[in-house]
Amino acid sequence: MHGTDVTALFDLPDEAATQELGKNLAQTLVPGLVIFLEGDLGAGKTTLARAMIRALGHTGPVKSPTYALVEVYVVSSLYLYHFDFYRFESPEEFLDAGFGEYFNEASVCLVEWPDKAAGCVPSPDLRIHLRHAGSVRVAELAASSERGASCIRTLASIRAAGNSCATPDQP
């Protein structure tokens, strides 16, 4: 099975469901993983990232990296970097800031607004697109590598065992 063949959809009827998805995603994180968090303003990208970071054991504040561009967390023996490129005027700002060194086999990188650094930010293992669908949100997950596919399969198992509303697509 190719990584790009593995996708999943998750209905998120409220903020608690988004947080639960983040908590479950935290259990799938492994060093070297790059996750793109995509969606419009207010779609829940930071809420999802915050839930992942808290589930990994971080007890301090979990701030949106919109102004700092990156927030660094060392949790559960992971180096986790949460990026937000919303304020970038050009993709070259990624290079100018020296962010490339953060993307390595020892870290997990969560990237909001990756399109603002297109062509400079490394390719994702997993894309999570959050969108509004009427009065609820939907999270669409798509693997771009075997590491990303493994995350989706593990997540689907976790969610199914918890009797959640997980509905993974069939390739």
# chains A, B, ... in the order shown; residues from 1 in each chain; ligands from 1
call {"tool": "closest_atom_pairs", "arguments": {"of": "range 46-137 of chain A", "to": "range 8-24 of chain A", "cutoff": "6 Å", "atoms": "only C-alpha atoms", "output": "JSON lines"}}
result
{"residue": "A:Leu48", "atom": "CA", "partner": "A:Gly22", "partner_atom": "CA", "distance": 4.9}
{"residue": "A:Ala51", "atom": "CA", "partner": "A:Gly22", "partner_atom": "CA", "distance": 4.8}
{"residue": "A:Met52", "atom": "CA", "partner": "A:Gly22", "partner_atom": "CA", "distance": 4.5}
{"residue": "A:Ala55", "atom": "CA", "partner": "A:Lys23", "partner_atom": "CA", "distance": 5.2}
{"residue": "A:Val136", "atom": "CA", "partner": "A:Pro13", "partner_atom": "CA", "distance": 4.6}
{"residue": "A:Arg137", "atom": "CA", "partner": "A:Leu12", "partner_atom": "CA", "distance": 4.9}
call {"tool": "write_last_selection", "arguments": {"atoms": "N, CA, C and O atoms", "output": "CSV table (one decimal), in the first residue's frame"}}
result
chain,number,residue,atom,x,y,z
A,48,LEU,N,-6.3,21.8,17.5
A,48,LEU,CA,-5.9,20.5,17.3
A,48,LEU,C,-4.4,20.3,17.8
A,48,LEU,O,-4.1,19.4,18.5
A,51,ALA,N,-4.1,20.4,21.6
A,51,ALA,CA,-4.6,19.1,22.2
A,51,ALA,C,-3.5,18.1,22.1
A,51,ALA,O,-3.3,17.3,23.0
A,52,MET,N,-2.8,18.0,20.9
A,52,MET,CA,-1.7,17.0,20.7
A,52,MET,C,-0.6,17.3,21.8
A,52,MET,O,-0.1,16.4,22.4
A,55,ALA,N,-1.6,16.4,25.3
A,55,ALA,CA,-1.7,14.9,25.4
A,55,ALA,C,-0.3,14.3,25.6
A,55,ALA,O,-0.2,13.2,26.2
A,136,VAL,N,-20.7,21.8,11.8
A,136,VAL,CA,-19.6,21.0,12.3
A,136,VAL,C,-18.3,21.2,11.5
A,136,VAL,O,-18.3,21.8,10.5
A,137,ARG,N,-17.3,20.6,12.0
A,137,ARG,CA,-16.0,20.6,11.3
A,137,ARG,C,-15.7,19.2,10.8
A,137,ARG,O,-16.2,18.2,11.4
call {"tool": "residues_around", "arguments": {"residues": "range 111-128 of chain A", "least_positions_apart": "4", "cutoff": "7 Å", "atoms": "only C-alpha atoms", "output": "list in words"}}
result
Leu33, Val34, Ile35, Phe36, Leu37, Glu38, Lys45, His82, Phe83, Asp84, Phe85, Tyr86, Phe88, Ser90, Pro91, Glu92, Phe94, Leu95, Ala139, Glu140, Leu141, Ala142, Ala143, Ser144, Ser145, Arg147 and Gly148 of chain A
call {"tool": "closest_residue", "arguments": {"among": "A:Arg50, A:His129, A:Arg153, A:Arg159", "to": "Glu71 in chain A", "atoms": "only C-alpha atoms"}}
result
A:Arg50
call {"tool": "closest_residue", "arguments": {"among": "A:Gly44, A:Gly134, A:Pro31, A:Gly98", "to": "Val74 in chain A", "atoms": "only C-alpha atoms"}}
result
A:Pro31
call {"tool": "atom_distance", "arguments": {"atom1": "CA of Ala97 in chain A", "atom2": "CA of Leu69 in chain A"}}
result
9.5 Å
call {"tool": "decode", "arguments": {"residues": "range 68-127 of chain A", "atoms": "C-alpha atoms", "output": "PDB file, in the first residue's frame"}}
result
ATOM      1  CA  ALA A  68       6.648  33.974  17.289  1.00  0.00           C
ATOM      2  CA  LEU A  69       6.451  31.804  14.110  1.00  0.00           C
ATOM      3  CA  VAL A  70       7.561  28.729  16.091  1.00  0.00           C
ATOM      4  CA  GLU A  71       6.916  27.369  19.582  1.00  0.00           C
ATOM      5  CA  VAL A  72       9.252  24.675  20.885  1.00  0.00           C
ATOM      6  CA  TYR A  73       8.190  21.807  23.162  1.00  0.00           C
ATOM      7  CA  VAL A  74      10.226  18.932  24.567  1.00  0.00           C
ATOM      8  CA  VAL A  75       7.613  16.387  25.628  1.00  0.00           C
ATOM      9  CA  SER A  76       7.409  12.622  25.889  1.00  0.00           C
ATOM     10  CA  SER A  77      11.045  12.414  24.708  1.00  0.00           C
ATOM     11  CA  LEU A  78      10.050  14.257  21.498  1.00  0.00           C
ATOM     12  CA  TYR A  79      11.301  17.558  20.183  1.00  0.00           C
ATOM     13  CA  LEU A  80       8.090  19.084  18.850  1.00  0.00           C
ATOM     14  CA  TYR A  81       8.076  22.308  16.847  1.00  0.00           C
ATOM     15  CA  HIS A  82       4.780  24.063  16.174  1.00  0.00           C
ATOM     16  CA  PHE A  83       5.091  26.511  13.268  1.00  0.00           C
ATOM     17  CA  ASP A  84       2.659  29.095  11.931  1.00  0.00           C
ATOM     18  CA  PHE A  85       3.647  30.770   8.664  1.00  0.00           C
ATOM     19  CA  TYR A  86       0.485  32.858   8.308  1.00  0.00           C
ATOM     20  CA  ARG A  87       2.416  36.145   8.496  1.00  0.00           C
ATOM     21  CA  PHE A  88       4.978  35.200   5.829  1.00  0.00           C
ATOM     22  CA  GLU A  89       5.078  37.579   2.888  1.00  0.00           C
ATOM     23  CA  SER A  90       7.170  35.147   0.809  1.00  0.00           C
ATOM     24  CA  PRO A  91       8.336  31.523   1.077  1.00  0.00           C
ATOM     25  CA  GLU A  92      11.964  32.678   1.317  1.00  0.00           C
ATOM     26  CA  GLU A  93      11.249  33.906   4.862  1.00  0.00           C
ATOM     27  CA  PHE A  94      11.379  30.223   5.852  1.00  0.00           C
ATOM     28  CA  LEU A  95      14.970  30.037   4.602  1.00  0.00           C
ATOM     29  CA  ASP A  96      15.931  33.422   6.052  1.00  0.00           C
ATOM     30  CA  ALA A  97      14.718  32.326   9.496  1.00  0.00           C
ATOM     31  CA  GLY A  98      16.820  29.148   9.361  1.00  0.00           C
ATOM     32  CA  PHE A  99      13.821  26.918  10.010  1.00  0.00           C
ATOM     33  CA  GLY A 100      15.137  24.132   7.793  1.00  0.00           C
ATOM     34  CA  GLU A 101      17.326  22.796  10.612  1.00  0.00           C
ATOM     35  CA  TYR A 102      14.241  22.046  12.726  1.00  0.00           C
ATOM     36  CA  PHE A 103      13.013  19.489  10.190  1.00  0.00           C
ATOM     37  CA  ASN A 104      15.071  16.403  10.999  1.00  0.00           C
ATOM     38  CA  GLU A 105      14.746  12.777  12.068  1.00  0.00           C
ATOM     39  CA  ALA A 106      14.786  13.708  15.766  1.00  0.00           C
ATOM     40  CA  SER A 107      11.836  16.113  15.712  1.00  0.00           C
ATOM     41  CA  VAL A 108       8.127  16.340  15.023  1.00  0.00           C
ATOM     42  CA  CYS A 109       7.037  19.444  13.110  1.00  0.00           C
ATOM     43  CA  LEU A 110       3.451  20.707  13.083  1.00  0.00           C
ATOM     44  CA  VAL A 111       3.064  23.349  10.386  1.00  0.00           C
ATOM     45  CA  GLU A 112       0.140  25.754  10.093  1.00  0.00           C
ATOM     46  CA  TRP A 113      -0.173  27.676   6.812  1.00  0.00           C
ATOM     47  CA  PRO A 114       2.488  25.609   4.989  1.00  0.00           C
ATOM     48  CA  ASP A 115       1.438  27.148   1.664  1.00  0.00           C
ATOM     49  CA  LYS A 116       3.012  30.432   2.801  1.00  0.00           C
ATOM     50  CA  ALA A 117       6.417  28.651   2.702  1.00  0.00           C
ATOM     51  CA  ALA A 118       5.687  26.564  -0.410  1.00  0.00           C
ATOM     52  CA  GLY A 119       8.805  25.233  -2.096  1.00  0.00           C
ATOM     53  CA  CYS A 120      10.925  25.829   0.999  1.00  0.00           C
ATOM     54  CA  VAL A 121       9.258  23.829   3.766  1.00  0.00           C
ATOM     55  CA  PRO A 122       9.947  20.066   3.537  1.00  0.00           C
ATOM     56  CA  SER A 123       7.191  17.783   2.243  1.00  0.00           C
ATOM     57  CA  PRO A 124       4.737  16.476   4.830  1.00  0.00           C
ATOM     58  CA  ASP A 125       4.248  12.914   5.926  1.00  0.00           C
ATOM     59  CA  LEU A 126       0.664  13.757   6.811  1.00  0.00           C
ATOM     60  CA  ARG A 127      -1.714  16.508   5.727  1.00  0.00           C
TER      61      ARG A 127
END
